[in-house]
file final_26.cif (mmCIF, C-alpha atoms)
data_model
#
loop_
_atom_site.label_atom_id
_atom_site.label_comp_id
_atom_site.auth_asym_id
_atom_site.auth_seq_id
_atom_site.Cartn_x
_atom_site.Cartn_y
_atom_site.Cartn_z
CA MET D 3 63.26 78.93 193.49
CA GLN D 4 60.26 78.31 191.23
CA SER D 5 57.75 81.17 190.91
CA TRP D 6 54.48 81.91 189.14
CA ARG D 7 53.62 85.21 187.43
CA ILE D 8 49.89 85.81 187.54
CA ARG D 9 48.01 88.54 185.68
CA PRO D 10 44.44 89.61 186.49
CA ALA D 11 41.84 87.52 184.62
CA ARG D 12 38.42 88.28 183.16
CA ARG D 13 36.75 85.00 184.05
CA VAL D 14 37.11 81.23 184.33
CA ARG D 15 35.03 79.01 182.10
CA GLY D 16 34.91 75.37 181.08
CA VAL D 17 34.26 71.82 182.23
CA TRP D 18 36.85 70.21 184.47
CA ARG D 19 37.25 67.00 186.44
CA PRO D 20 39.47 67.44 189.51
CA PRO D 21 42.34 65.07 190.25
CA GLY D 22 41.65 62.23 192.67
CA ASP D 23 41.10 63.06 196.32
CA LYS D 24 44.40 63.04 198.19
CA SER D 25 42.98 61.89 201.52
CA ILE D 26 41.11 59.00 199.94
CA THR D 27 44.09 57.96 197.78
CA HIS D 28 46.31 57.68 200.89
CA ARG D 29 43.74 55.45 202.58
CA ALA D 30 43.19 53.26 199.51
CA VAL D 31 46.92 52.52 199.36
CA ILE D 32 47.19 51.72 203.07
CA LEU D 33 44.15 49.43 203.13
CA GLY D 34 45.35 47.82 199.90
CA LEU D 35 48.62 47.06 201.70
CA LEU D 36 46.74 45.35 204.55
CA ALA D 37 44.11 43.52 202.48
CA HIS D 38 43.86 40.04 201.00
CA GLY D 39 44.13 40.01 197.21
CA ALA D 40 44.52 42.86 194.73
CA THR D 41 43.24 46.41 195.04
CA GLU D 42 42.73 48.41 191.83
CA ILE D 43 42.71 52.18 192.28
CA GLU D 44 41.50 54.39 189.42
CA GLY D 45 41.68 58.14 189.79
CA PHE D 46 44.84 57.73 191.90
CA LEU D 47 46.29 61.16 192.72
CA GLU D 48 49.85 60.91 191.42
CA SER D 49 51.14 63.70 193.65
CA ASP D 50 54.30 63.56 195.71
CA ASP D 51 52.35 62.99 198.94
CA CYS D 52 50.44 59.97 197.64
CA LEU D 53 53.43 58.50 195.84
CA ARG D 54 55.28 58.64 199.17
CA THR D 55 52.57 56.51 200.74
CA LEU D 56 52.79 54.09 197.81
CA ARG D 57 56.56 53.83 198.20
CA MET D 58 56.20 53.10 201.94
CA ALA D 59 53.65 50.38 201.14
CA GLN D 60 56.18 48.79 198.77
CA GLN D 61 58.89 48.95 201.45
CA LEU D 62 56.48 47.14 203.77
CA GLY D 63 55.95 44.28 201.31
CA ALA D 64 53.16 45.32 198.92
CA SER D 65 53.61 45.04 195.19
CA ALA D 66 52.42 48.00 193.11
CA GLU D 67 51.99 48.27 189.35
CA ARG D 68 50.97 51.32 187.34
CA VAL D 69 48.31 50.00 184.99
CA GLY D 70 47.70 53.33 183.26
CA ALA D 71 47.35 57.04 183.90
CA ALA D 72 46.15 57.51 187.50
CA HIS D 73 45.46 53.75 187.68
CA TRP D 74 47.41 51.49 190.06
CA ARG D 75 47.13 47.86 191.10
CA ILE D 76 48.34 46.94 194.61
CA VAL D 77 48.70 43.43 195.99
CA GLY D 78 48.89 43.57 199.76
CA ARG D 79 50.06 41.28 202.52
CA GLY D 80 46.79 39.41 202.92
CA GLY D 81 46.62 39.71 206.70
CA GLN D 82 50.19 38.49 207.17
CA PRO D 83 52.68 40.64 209.12
CA LEU D 84 54.19 43.34 206.99
CA GLN D 85 57.78 43.17 205.82
CA GLU D 86 60.34 44.87 208.05
CA PRO D 87 61.65 47.83 206.02
CA ALA D 88 65.35 47.80 205.18
CA ASP D 89 65.48 51.60 205.14
CA THR D 90 63.83 54.63 206.71
CA LEU D 91 60.20 55.26 205.72
CA ASP D 92 59.99 58.83 204.38
CA ALA D 93 56.59 60.54 204.33
CA GLY D 94 57.99 63.65 202.64
CA ASN D 95 55.68 66.58 203.37
CA SER D 96 52.60 64.49 204.15
CA GLY D 97 51.23 64.63 207.67
CA THR D 98 48.48 62.22 206.64
CA ALA D 99 51.00 59.63 205.44
CA ALA D 100 53.13 59.96 208.58
CA ARG D 101 50.32 59.81 211.13
CA LEU D 102 48.33 57.02 209.45
CA MET D 103 51.44 54.94 208.85
CA ALA D 104 52.39 55.36 212.51
CA GLY D 105 49.20 53.47 213.38
CA VAL D 106 50.01 50.71 210.91
CA LEU D 107 53.62 50.37 212.09
CA ALA D 108 52.68 50.35 215.78
CA ALA D 109 50.91 47.01 215.25
CA GLN D 110 53.80 45.30 213.42
CA PRO D 111 56.30 43.01 215.21
CA PHE D 112 59.42 44.77 213.97
CA PHE D 113 61.50 47.94 214.15
CA SER D 114 60.95 50.87 211.78
CA VAL D 115 61.92 54.51 211.51
CA LEU D 116 59.41 57.03 210.16
CA THR D 117 60.56 60.45 208.99
CA GLY D 118 59.67 63.32 206.66
CA ASP D 119 61.01 66.50 205.12
CA GLU D 120 62.17 69.55 207.09
CA SER D 121 58.64 70.97 207.31
CA LEU D 122 57.06 67.71 208.47
CA ARG D 123 59.79 67.18 211.06
CA ARG D 124 58.62 70.41 212.73
CA ARG D 125 54.98 69.30 212.99
CA PRO D 126 53.56 67.78 216.22
CA MET D 127 53.37 64.00 216.56
CA ARG D 128 52.47 63.70 220.25
CA ARG D 129 48.80 63.50 219.29
CA VAL D 130 49.33 60.05 217.76
CA VAL D 131 52.36 58.88 219.76
CA GLU D 132 50.72 59.17 223.19
CA PRO D 133 47.64 56.99 222.43
CA LEU D 134 49.76 54.47 220.48
CA GLN D 135 52.04 54.14 223.50
CA ARG D 136 48.96 53.55 225.65
CA MET D 137 48.06 50.71 223.28
CA GLY D 138 51.47 49.12 223.90
CA ALA D 139 53.72 50.42 221.13
CA ARG D 140 57.27 51.44 221.98
CA ILE D 141 58.02 54.73 220.26
CA ASP D 142 60.98 57.05 220.63
CA GLY D 143 61.98 60.17 218.76
CA ARG D 144 63.06 63.78 218.87
CA ASP D 145 61.82 66.13 221.55
CA GLY D 146 60.43 63.38 223.75
CA ALA D 147 58.92 61.44 220.82
CA THR D 148 56.86 64.46 219.75
CA ARG D 149 58.69 65.12 216.46
CA LEU D 150 59.86 63.00 213.53
CA PRO D 151 61.91 60.93 213.04
CA LEU D 152 60.11 58.35 215.15
CA ALA D 153 61.61 54.96 215.97
CA ILE D 154 58.77 52.48 216.34
CA ARG D 155 58.97 48.98 217.78
CA GLY D 156 55.46 47.65 217.46
CA GLY D 157 53.35 44.55 217.97
CA ALA D 158 51.05 43.08 220.65
CA LEU D 159 48.74 46.09 220.90
CA ARG D 160 45.63 46.18 223.05
CA GLY D 161 42.50 48.17 222.34
CA ILE D 162 41.88 51.37 224.29
CA HIS D 163 39.14 53.96 224.69
CA TYR D 164 40.54 57.33 223.65
CA LEU D 165 39.00 60.80 223.73
CA THR D 166 40.68 63.17 221.27
CA PRO D 167 41.11 66.72 222.65
CA VAL D 168 40.06 68.16 219.27
CA ALA D 169 38.39 66.49 216.30
CA SER D 170 41.20 65.10 214.13
CA ALA D 171 40.74 62.67 211.25
CA GLN D 172 44.45 61.85 211.28
CA VAL D 173 44.45 60.87 214.96
CA LYS D 174 41.20 58.91 214.60
CA SER D 175 42.46 57.12 211.49
CA CYS D 176 45.81 56.29 213.08
CA LEU D 177 44.10 54.62 216.05
CA LEU D 178 41.56 52.75 213.92
CA LEU D 179 44.38 51.32 211.78
CA ALA D 180 46.27 50.31 214.93
CA GLY D 181 43.06 48.92 216.43
CA LEU D 182 42.51 46.75 213.37
CA HIS D 183 45.43 44.62 214.61
CA ALA D 184 45.01 45.08 218.38
CA ALA D 185 43.53 42.70 220.91
CA GLY D 186 40.00 43.66 221.90
CA VAL D 187 38.10 46.80 220.87
CA THR D 188 39.51 50.24 220.14
CA GLU D 189 37.18 53.19 220.60
CA VAL D 190 37.89 56.76 219.49
CA ALA D 191 35.65 59.56 220.76
CA GLU D 192 35.87 63.10 219.38
CA PRO D 193 34.01 66.27 220.32
CA CYS D 194 32.54 66.52 216.81
CA LEU D 195 32.74 64.40 213.68
CA SER D 196 35.99 64.83 211.75
CA ARG D 197 36.53 63.54 208.21
CA ASP D 198 35.21 60.01 207.97
CA HIS D 199 37.08 58.72 204.90
CA THR D 200 38.78 55.99 206.94
CA GLU D 201 35.51 54.69 208.35
CA ARG D 202 33.91 54.63 204.89
CA MET D 203 36.88 52.89 203.31
CA LEU D 204 37.28 50.33 206.08
CA HIS D 205 33.64 49.43 205.53
CA ALA D 206 34.23 49.18 201.75
CA PHE D 207 37.11 46.74 202.40
CA GLY D 208 34.86 44.56 204.57
CA ALA D 209 35.53 45.75 208.12
CA THR D 210 32.76 46.17 210.69
CA LEU D 211 32.66 49.36 212.75
CA GLU D 212 30.19 50.76 215.26
CA GLN D 213 29.50 54.49 215.18
CA GLN D 214 27.42 56.74 217.39
CA MET D 215 26.60 60.45 217.31
CA SER D 216 25.32 62.23 220.41
CA ASP D 217 22.64 64.90 220.36
CA ALA D 218 25.41 67.42 221.07
CA GLY D 219 27.34 66.30 217.97
CA ALA D 220 30.07 64.24 219.68
CA HIS D 221 31.14 61.17 217.70
CA ARG D 222 32.33 57.71 218.74
CA VAL D 223 33.66 54.92 216.55
CA ARG D 224 34.62 51.40 217.67
CA ILE D 225 36.58 48.72 215.82
CA ALA D 226 37.37 45.19 216.93
CA GLY D 227 40.81 43.78 216.23
CA GLY D 228 41.52 40.79 214.03
CA GLN D 229 39.21 41.66 211.13
CA ARG D 230 39.92 40.56 207.56
CA LEU D 231 40.11 43.12 204.74
CA GLU D 232 39.47 42.17 201.10
CA GLY D 233 41.04 43.99 198.17
CA GLN D 234 38.68 46.21 196.19
CA ARG D 235 38.32 47.98 192.86
CA LEU D 236 37.97 51.69 193.61
CA THR D 237 37.45 54.90 191.67
CA ILE D 238 38.70 57.86 193.70
CA PRO D 239 36.36 60.88 193.61
CA GLY D 240 37.71 64.28 192.61
CA ASP D 241 39.38 66.20 195.44
CA PHE D 242 37.08 68.85 196.89
CA SER D 243 40.05 70.67 198.44
CA SER D 244 41.58 71.04 194.97
CA ALA D 245 38.25 72.08 193.49
CA ALA D 246 37.81 74.75 196.18
CA PHE D 247 40.40 77.04 194.58
CA TRP D 248 38.49 77.05 191.31
CA VAL D 249 35.13 77.39 193.04
CA ALA D 250 36.54 80.60 194.54
CA ALA D 251 37.87 81.86 191.21
CA ALA D 252 34.52 81.26 189.50
CA LEU D 253 32.57 82.97 192.27
CA LEU D 254 34.82 86.04 192.30
CA LEU D 255 35.45 86.70 188.58
CA SER D 256 32.51 88.30 186.81
CA GLY D 257 31.12 86.27 183.90
CA SER D 258 32.58 82.97 185.10
CA ASP D 259 30.76 79.70 184.46
CA LEU D 260 32.64 76.58 185.57
CA THR D 261 31.39 72.99 185.73
CA ILE D 262 33.34 70.72 188.07
CA GLU D 263 32.62 67.04 187.40
CA HIS D 264 32.72 64.01 189.73
CA VAL D 265 33.94 65.86 192.80
CA GLY D 266 33.70 64.30 196.25
CA VAL D 267 31.04 65.97 198.39
CA ASN D 268 31.45 64.05 201.63
CA PRO D 269 29.78 66.34 204.20
CA THR D 270 32.79 66.04 206.51
CA ARG D 271 34.81 67.78 203.76
CA THR D 272 32.45 70.40 202.33
CA GLY D 273 32.16 72.85 205.20
CA LEU D 274 33.28 75.58 202.80
CA LEU D 275 29.99 75.18 200.95
CA GLU D 276 28.08 75.54 204.23
CA ALA D 277 30.06 78.67 205.03
CA LEU D 278 29.36 80.12 201.58
CA ALA D 279 25.66 79.32 201.99
CA GLN D 280 25.75 81.61 205.04
CA GLY D 281 26.93 84.29 202.65
CA GLY D 282 24.05 83.68 200.25
CA VAL D 283 25.99 81.67 197.66
CA HIS D 284 24.15 79.10 195.56
CA LEU D 285 25.85 76.33 193.58
CA GLU D 286 24.01 74.05 191.19
CA TRP D 287 24.34 70.34 192.01
CA GLN D 288 24.02 67.73 189.24
CA ALA D 289 24.72 64.00 188.76
CA VAL D 290 24.76 63.13 192.44
CA GLY D 291 26.17 59.63 192.96
CA GLU D 292 28.62 57.53 194.97
CA GLN D 293 32.10 56.04 194.48
CA ALA D 294 34.07 53.94 196.99
CA GLY D 295 31.44 54.69 199.61
CA GLU D 296 31.90 58.44 199.05
CA PRO D 297 29.19 60.80 197.76
CA THR D 298 30.02 62.62 194.52
CA ALA D 299 28.41 65.32 192.42
CA THR D 300 28.94 67.67 189.50
CA LEU D 301 28.94 71.31 190.62
CA ARG D 302 28.19 74.29 188.38
CA VAL D 303 29.66 77.52 189.72
CA ARG D 304 28.83 80.99 188.40
CA ALA D 305 29.98 84.40 189.61
CA GLN D 306 27.82 85.89 192.34
CA PRO D 307 28.07 88.23 195.33
CA ILE D 308 29.09 86.86 198.73
CA GLY D 309 27.90 88.03 202.13
CA ALA D 310 29.82 87.97 205.39
CA MET D 311 30.31 84.65 207.19
CA ARG D 312 30.75 83.57 210.82
CA ILE D 313 32.52 80.25 211.12
CA GLY D 314 33.46 78.25 214.21
CA GLY D 315 32.69 75.20 216.31
CA ALA D 316 31.71 71.92 214.68
CA LEU D 317 31.92 73.39 211.15
CA VAL D 318 35.67 73.99 211.37
CA PRO D 319 36.97 70.40 210.93
CA SER D 320 35.06 70.12 207.63
CA LEU D 321 36.78 73.18 206.12
CA ILE D 322 40.17 73.24 207.85
CA ASP D 323 42.08 72.73 204.57
CA GLU D 324 40.01 75.39 202.84
CA ALA D 325 40.79 78.12 205.41
CA PRO D 326 43.34 79.92 203.18
CA ILE D 327 40.96 80.15 200.20
CA LEU D 328 38.14 81.08 202.60
CA ALA D 329 40.27 84.03 203.72
CA LEU D 330 40.57 85.16 200.10
CA LEU D 331 36.81 84.80 199.54
CA ALA D 332 36.25 86.88 202.66
CA THR D 333 38.27 89.78 201.22
CA GLN D 334 35.53 90.12 198.57
CA ALA D 335 32.54 89.36 200.82
CA HIS D 336 30.28 92.20 201.95
CA GLY D 337 30.84 92.81 205.66
CA GLU D 338 33.03 91.28 208.35
CA THR D 339 33.89 87.58 208.13
CA GLU D 340 35.38 85.77 211.11
CA LEU D 341 36.88 82.29 211.48
CA ARG D 342 37.42 80.99 215.03
CA ASP D 343 38.20 77.63 216.71
CA ALA D 344 40.84 76.87 214.06
CA ALA D 345 44.08 76.93 216.09
CA GLU D 346 45.03 73.73 214.22
CA LEU D 347 45.99 76.03 211.32
CA ARG D 348 49.03 77.11 213.32
CA VAL D 349 50.65 73.66 212.94
CA LYS D 350 49.99 72.78 209.30
CA GLU D 351 52.66 72.84 206.56
CA SER D 352 53.09 76.45 207.67
CA ASP D 353 51.46 78.61 210.31
CA ARG D 354 48.58 79.17 207.91
CA ILE D 355 47.00 81.95 209.97
CA GLU D 356 50.19 83.99 209.94
CA ALA D 357 51.06 83.10 206.34
CA ILE D 358 47.73 83.97 204.74
CA THR D 359 47.21 87.17 206.73
CA THR D 360 50.73 88.41 205.95
CA GLU D 361 50.50 87.72 202.22
CA LEU D 362 46.94 88.95 201.66
CA ARG D 363 47.80 92.18 203.52
CA THR D 364 50.65 92.63 201.04
CA MET D 365 47.99 92.58 198.31
CA GLY D 366 45.79 95.14 200.09
CA ALA D 367 43.42 92.98 202.15
CA GLN D 368 42.04 94.12 205.49
CA ILE D 369 42.66 90.93 207.45
CA GLU D 370 43.56 90.50 211.11
CA PRO D 371 45.11 87.34 212.56
CA LEU D 372 43.49 85.86 215.67
CA PRO D 373 44.97 83.18 217.95
CA ASP D 374 42.59 80.62 216.46
CA GLY D 375 41.62 82.12 213.10
CA PHE D 376 41.23 85.48 211.40
CA ARG D 377 38.89 88.44 210.89
CA VAL D 378 38.41 90.01 207.44
CA GLN D 379 36.70 93.22 206.31
CA GLY D 380 35.34 93.23 202.78
CA PRO D 381 34.99 93.85 200.00
CA THR D 382 38.49 95.25 199.41
CA PRO D 383 40.13 95.49 195.97
CA LEU D 384 43.40 93.57 195.79
CA HIS D 385 46.47 94.57 193.78
CA GLY D 386 49.33 92.57 192.37
CA ALA D 387 52.39 92.09 194.57
CA GLU D 388 55.34 89.81 195.29
CA VAL D 389 54.16 87.17 197.74
CA HIS D 390 55.50 83.94 199.23
CA SER D 391 54.06 80.48 199.72
CA HIS D 392 55.91 79.81 203.01
CA GLY D 393 56.56 76.37 201.52
CA ASP D 394 52.84 75.55 201.81
CA HIS D 395 50.91 74.28 198.80
CA ARG D 396 47.55 75.67 199.89
CA ILE D 397 49.01 79.13 200.52
CA ALA D 398 50.67 79.08 197.08
CA MET D 399 47.45 78.17 195.26
CA THR D 400 45.37 80.68 197.23
CA LEU D 401 47.80 83.46 196.28
CA ALA D 402 47.61 82.43 192.62
CA ILE D 403 43.82 82.80 192.69
CA ALA D 404 44.30 86.14 194.48
CA GLY D 405 46.45 87.22 191.55
CA LEU D 406 43.68 86.29 189.12
CA ILE D 407 41.09 88.43 190.93
CA ALA D 408 43.43 91.39 191.60
CA HIS D 409 42.22 94.67 190.10
CA SER D 410 45.64 95.66 188.82
CA GLY D 411 49.25 94.62 188.50
CA GLU D 412 51.12 91.35 188.25
CA THR D 413 51.33 88.95 191.18
CA VAL D 414 54.53 86.94 191.60
CA VAL D 415 54.10 83.90 193.85
CA HIS D 416 57.48 82.61 195.02
CA ASP D 417 58.41 79.05 196.08
CA VAL D 418 55.62 77.12 194.37
CA ALA D 419 57.32 73.73 193.94
CA CYS D 420 55.40 72.64 197.07
CA VAL D 421 52.22 72.42 194.97
CA GLN D 422 53.52 69.13 193.56
CA THR D 423 52.67 67.52 196.91
CA SER D 424 48.92 67.77 196.28
CA PHE D 425 47.90 69.28 192.91
CA PRO D 426 50.49 68.81 190.13
CA GLU D 427 48.15 70.01 187.37
CA PHE D 428 47.26 73.32 189.05
CA GLU D 429 49.65 75.40 186.94
CA SER D 430 48.33 74.00 183.66
CA LEU D 431 44.78 74.96 184.72
CA LEU D 432 45.90 78.58 184.94
CA GLN D 433 45.97 78.41 181.15
CA ALA D 434 43.18 75.89 180.52
CA LEU D 435 40.36 77.48 182.55
CA VAL D 436 41.36 81.15 182.75
CA GLU D 437 40.39 83.78 180.18
CA ALA D 438 42.67 86.81 180.29
#
call {"tool": "encode", "arguments": {"input": "final_26.cif", "output": "structure tokens"}}
result
Amino acid sequence: MQSWRIRPARRVRGVWRPPGDKSITHRAVILGLLAHGATEIEGFLESDDCLRTLRMAQQLGASAERVGAAHWRIVGRGGQPLQEPADTLDAGNSGTAARLMAGVLAAQPFFSVLTGDESLRRRPMRRVVEPLQRMGARIDGRDGATRLPLAIRGGALRGIHYLTPVASAQVKSCLLLAGLHAAGVTEVAEPCLSRDHTERMLHAFGATLEQQMSDAGAHRVRIAGGQRLEGQRLTIPGDFSSAAFWVAAALLLSGSDLTIEHVGVNPTRTGLLEALAQGGVHLEWQAVGEQAGEPTATLRVRAQPIGAMRIGGALVPSLIDEAPILALLATQAHGETELRDAAELRVKESDRIEAITTELRTMGAQIEPLPDGFRVQGPTPLHGAEVHSHGDHRIAMTLAIAGLIAHSGETVVHDVACVQTSFPEFESLLQALVEA
């Protein structure tokens, strides 16, 4: 079992460009598979998760060539039916790959089997299976077709109007991809706007969508079937979720000064920055621009005090992946921080509420799990300890940053191979950016 040994650090300093955004890389590959002509993707995140999506695209008939480092060229099916896969399609640990590909496969006139690793096979799939079945797909699988593997016999879908119980970019994206090849119009309504990478990228590839926001914040998006996608040349912005770990390190280690270049700042992803603003944190924004329809910026982060935060409601979908590192930030914030309305954390790669509260308590934090979040008293000095990732990449990286800010002792983070799914260069940055 691979482990990291982390000693307390003095500060983090330097200039760094994050790896490509994982969510956007997945979508670029999938739309490249469906599009006419070639799609060139620079800044491709060559993590296990994204390479799984690439491999599935190849099994479905796309050609893919690595042009250079983090640079891939995909030639898709040009609107023709995809190729029936000769083998099982394996999403590995990626819920995004599994749920988005389920939407693609549901519209194809053939049989396929979609699976994943042990962790992914425990995660819920009813949220995409039920609306896809309503559209006309025939889907079977474990536990009443609520768990992978899923056997999908697709084709001849019809558009539906679907209200998601909670805001979910994966559910919305799955249904939009299915709706792209369905008869009529598919509409997805959600109680608040979830990540909109799919909408932005569909538009970049030439699709037409209608979107509407209510005064109360509810969101609706409609797509008509039968639209033509054209291959694109894309540069993937830096992954904000990867950058968030180093934003936290720079804020919490005295004397830090870190510049993070070309990071994606899509407002449906940067709820952590809104939460930190509640706590009085100021980051310097530079070089604001746009890539692949996504806003980007360079962020300069310097150490500063953090006040307590109250997070819930519509803000939660935009920081759901940052909840573990938010919990660590809260241990050093002045006052009581509370996260609510985040029950989704219970069904991620791990039960992230239980995992992060258990491990941060081991290091001395005053953190209490709640059914839909956590409550943290701060500031509390942390100490080194033996901790465990629970097989979850975001827990592993949060605990590594916790080790850097600990007041004393060595932190050993066990079972860190999972980090390869999203952020392969994280370990090397522990040397490149950290001053002991």
call {"tool": "atom_distance", "arguments": {"input": "final_26.cif", "atom1": "CA of Ala64 (chain D)", "atom2": "CA of Gly39 (chain D)"}}
result
10.6 Å
call {"tool": "residues_around", "arguments": {"input": "final_26.cif", "residues": "Pro307 (chain D)", "least_positions_apart": "2", "cutoff": "10 Å", "atoms": "all atoms listed in the file", "output": "list in words"}}
result
Leu253, Leu254, Ser256, Gly281, Gly282, Val283, His284, Ala305, Gly309, Gln334, Ala335 and His336 of chain D
call {"tool": "resolve_selection", "arguments": {"input": "final_26.cif", "expression": "the PyMOL selection byres ((chain D and resi 304) around 10)", "output": "PyMOL selection string"}}
result
chain D and resi 13-15+249-261+283-286+301-303+305-306
call {"tool": "resolve_selection", "arguments": {"input": "final_26.cif", "expression": "the PyMOL selection byres ((chain D and resi 343-353) around 8)", "output": "PyMOL selection string"}}
result
chain D and resi 95+121-122+125-126+314-315+318+322+341-342+354-357+373-375+392-394
call {"tool": "atom_distance", "arguments": {"input": "final_26.cif", "atom1": "CA of Ala325 (chain D)", "atom2": "CA of Ala408 (chain D)"}}
result
19.3 Å
call {"tool": "atom_distance", "arguments": {"input": "final_26.cif", "atom1": "CA of Val223 (chain D)", "atom2": "CA of Glu324 (chain D)"}}
result
25.4 Å
call {"tool": "closest_residue", "arguments": {"input": "final_26.cif", "among": "D:His385, D:Asp217, D:Asp241, D:Trp6", "to": "His409 (chain D)", "atoms": "only C-alpha atoms"}}
result
D:His385
call {"tool": "closest_residue", "arguments": {"input": "final_26.cif", "among": "D:Ala279, D:Ala184, D:Leu431, D:Val173", "to": "Ala108 (chain D)", "atoms": "only C-alpha atoms"}}
result
D:Ala184
call {"tool": "residues_around", "arguments": {"input": "final_26.cif", "residues": "Val389 (chain D)", "least_positions_apart": "6", "cutoff": "12 Å", "atoms": "only C-alpha atoms", "output": "list in words"}}
result
Ser5, Trp6, Arg7, Ile8, Ala357, Ile358, Thr359, Thr360, Glu361, Leu362, Arg363, Thr364, Met365, Gly366, Ile397, Ala398, Met399, Thr400, Leu401, Ala402, Ala404, Gly405, Glu412, Thr413, Val414, Val415, His416, Asp417 and Val418 of chain D
call {"tool": "write_last_selection", "arguments": {"input": "final_26.cif", "atoms": "C-alpha atoms", "output": "PDB file, keeping the file's coordinate frame"}}
result
ATOM      1  CA  SER D   5      57.750  81.170 190.910  1.00  0.00           C
ATOM      2  CA  TRP D   6      54.480  81.910 189.140  1.00  0.00           C
ATOM      3  CA  ARG D   7      53.620  85.210 187.430  1.00  0.00           C
ATOM      4  CA  ILE D   8      49.890  85.810 187.540  1.00  0.00           C
ATOM      5  CA  ALA D 357      51.060  83.100 206.340  1.00  0.00           C
ATOM      6  CA  ILE D 358      47.730  83.970 204.740  1.00  0.00           C
ATOM      7  CA  THR D 359      47.210  87.170 206.730  1.00  0.00           C
ATOM      8  CA  THR D 360      50.730  88.410 205.950  1.00  0.00           C
ATOM      9  CA  GLU D 361      50.500  87.720 202.220  1.00  0.00           C
ATOM     10  CA  LEU D 362      46.940  88.950 201.660  1.00  0.00           C
ATOM     11  CA  ARG D 363      47.800  92.180 203.520  1.00  0.00           C
ATOM     12  CA  THR D 364      50.650  92.630 201.040  1.00  0.00           C
ATOM     13  CA  MET D 365      47.990  92.580 198.310  1.00  0.00           C
ATOM     14  CA  GLY D 366      45.790  95.140 200.090  1.00  0.00           C
ATOM     15  CA  ILE D 397      49.010  79.130 200.520  1.00  0.00           C
ATOM     16  CA  ALA D 398      50.670  79.080 197.080  1.00  0.00           C
ATOM     17  CA  MET D 399      47.450  78.170 195.260  1.00  0.00           C
ATOM     18  CA  THR D 400      45.370  80.680 197.230  1.00  0.00           C
ATOM     19  CA  LEU D 401      47.800  83.460 196.280  1.00  0.00           C
ATOM     20  CA  ALA D 402      47.610  82.430 192.620  1.00  0.00           C
ATOM     21  CA  ALA D 404      44.300  86.140 194.480  1.00  0.00           C
ATOM     22  CA  GLY D 405      46.450  87.220 191.550  1.00  0.00           C
ATOM     23  CA  GLU D 412      51.120  91.350 188.250  1.00  0.00           C
ATOM     24  CA  THR D 413      51.330  88.950 191.180  1.00  0.00           C
ATOM     25  CA  VAL D 414      54.530  86.940 191.600  1.00  0.00           C
ATOM     26  CA  VAL D 415      54.100  83.900 193.850  1.00  0.00           C
ATOM     27  CA  HIS D 416      57.480  82.610 195.020  1.00  0.00           C
ATOM     28  CA  ASP D 417      58.410  79.050 196.080  1.00  0.00           C
ATOM     29  CA  VAL D 418      55.620  77.120 194.370  1.00  0.00           C
TER      30      VAL D 418
END
call {"tool": "residues_around", "arguments": {"input": "final_26.cif", "residues": "region 264-266 of chain D", "least_positions_apart": "2", "cutoff": "8 Å", "atoms": "all atoms listed in the file", "output": "list in words"}}
result
Arg19, Pro20, Asp23, Pro239, Gly240, Asp241, Phe242, Ala245, Ile262, Asn268, Glu296, Pro297, Thr298, Ala299, Thr300 and Leu301 of chain D
call {"tool": "resolve_selection", "arguments": {"input": "final_26.cif", "expression": "the PyMOL selection byres ((chain D and resi 220) around 9)", "output": "compact mmCIF listing (two decimals) with C-alpha atoms, in the frame of the given file"}}
result
# COMPACT_ATOMS: atom_id res chain seq x y z
CA ALA D 191 35.65 59.56 220.76
CA GLU D 192 35.87 63.10 219.38
CA PRO D 193 34.01 66.27 220.32
CA CYS D 194 32.54 66.52 216.81
CA LEU D 195 32.74 64.40 213.68
CA GLN D 214 27.42 56.74 217.39
CA MET D 215 26.60 60.45 217.31
CA SER D 216 25.32 62.23 220.41
CA ASP D 217 22.64 64.90 220.36
CA ALA D 218 25.41 67.42 221.07
CA GLY D 219 27.34 66.30 217.97
CA HIS D 221 31.14 61.17 217.70
CA ARG D 222 32.33 57.71 218.74
call {"tool": "closest_residue", "arguments": {"input": "final_26.cif", "among": "D:Arg129, D:Arg271, D:Arg155, D:His390", "to": "Leu177 (chain D)", "atoms": "all atoms listed in the file"}}
result
D:Arg129
call {"tool": "closest_residue", "arguments": {"input": "final_26.cif", "among": "D:Gly295, D:Ser424, D:Thr41, D:Ala434", "to": "Glu67 (chain D)", "atoms": "all atoms listed in the file"}}
result
D:Thr41
call {"tool": "residues_around", "arguments": {"input": "final_26.cif", "residues": "Thr339 (chain D)", "least_positions_apart": "6", "cutoff": "12 Å", "atoms": "only C-alpha atoms", "output": "PyMOL selection string"}}
result
chain D and resi 277-278+280-281+308-314+328-333+368-370+375-381
call {"tool": "closest_residue", "arguments": {"input": "final_26.cif", "among": "D:Arg123, D:Arg101, D:Arg54, D:Arg12", "to": "Thr423 (chain D)", "atoms": "all atoms listed in the file"}}
result
D:Arg54
call {"tool": "decode", "arguments": {"input": "final_26.cif", "residues": "region 184-195 of chain D", "atoms": "C-alpha atoms", "output": "tab-separated table (two decimals), in the first residue's frame"}}
result
chain	number	residue	atom	x	y	z
D	184	ALA	CA	-33.48	11.47	-29.09
D	185	ALA	CA	-36.62	12.34	-30.99
D	186	GLY	CA	-38.05	15.69	-29.97
D	187	VAL	CA	-36.84	17.94	-27.14
D	188	THR	CA	-35.25	16.89	-23.86
D	189	GLU	CA	-35.59	19.30	-20.94
D	190	VAL	CA	-33.75	19.02	-17.63
D	191	ALA	CA	-34.87	21.17	-14.71
D	192	GLU	CA	-32.87	21.43	-11.49
D	193	PRO	CA	-33.54	23.29	-8.25
D	194	CYS	CA	-30.37	25.36	-8.71
D	195	LEU	CA	-27.70	25.57	-11.38
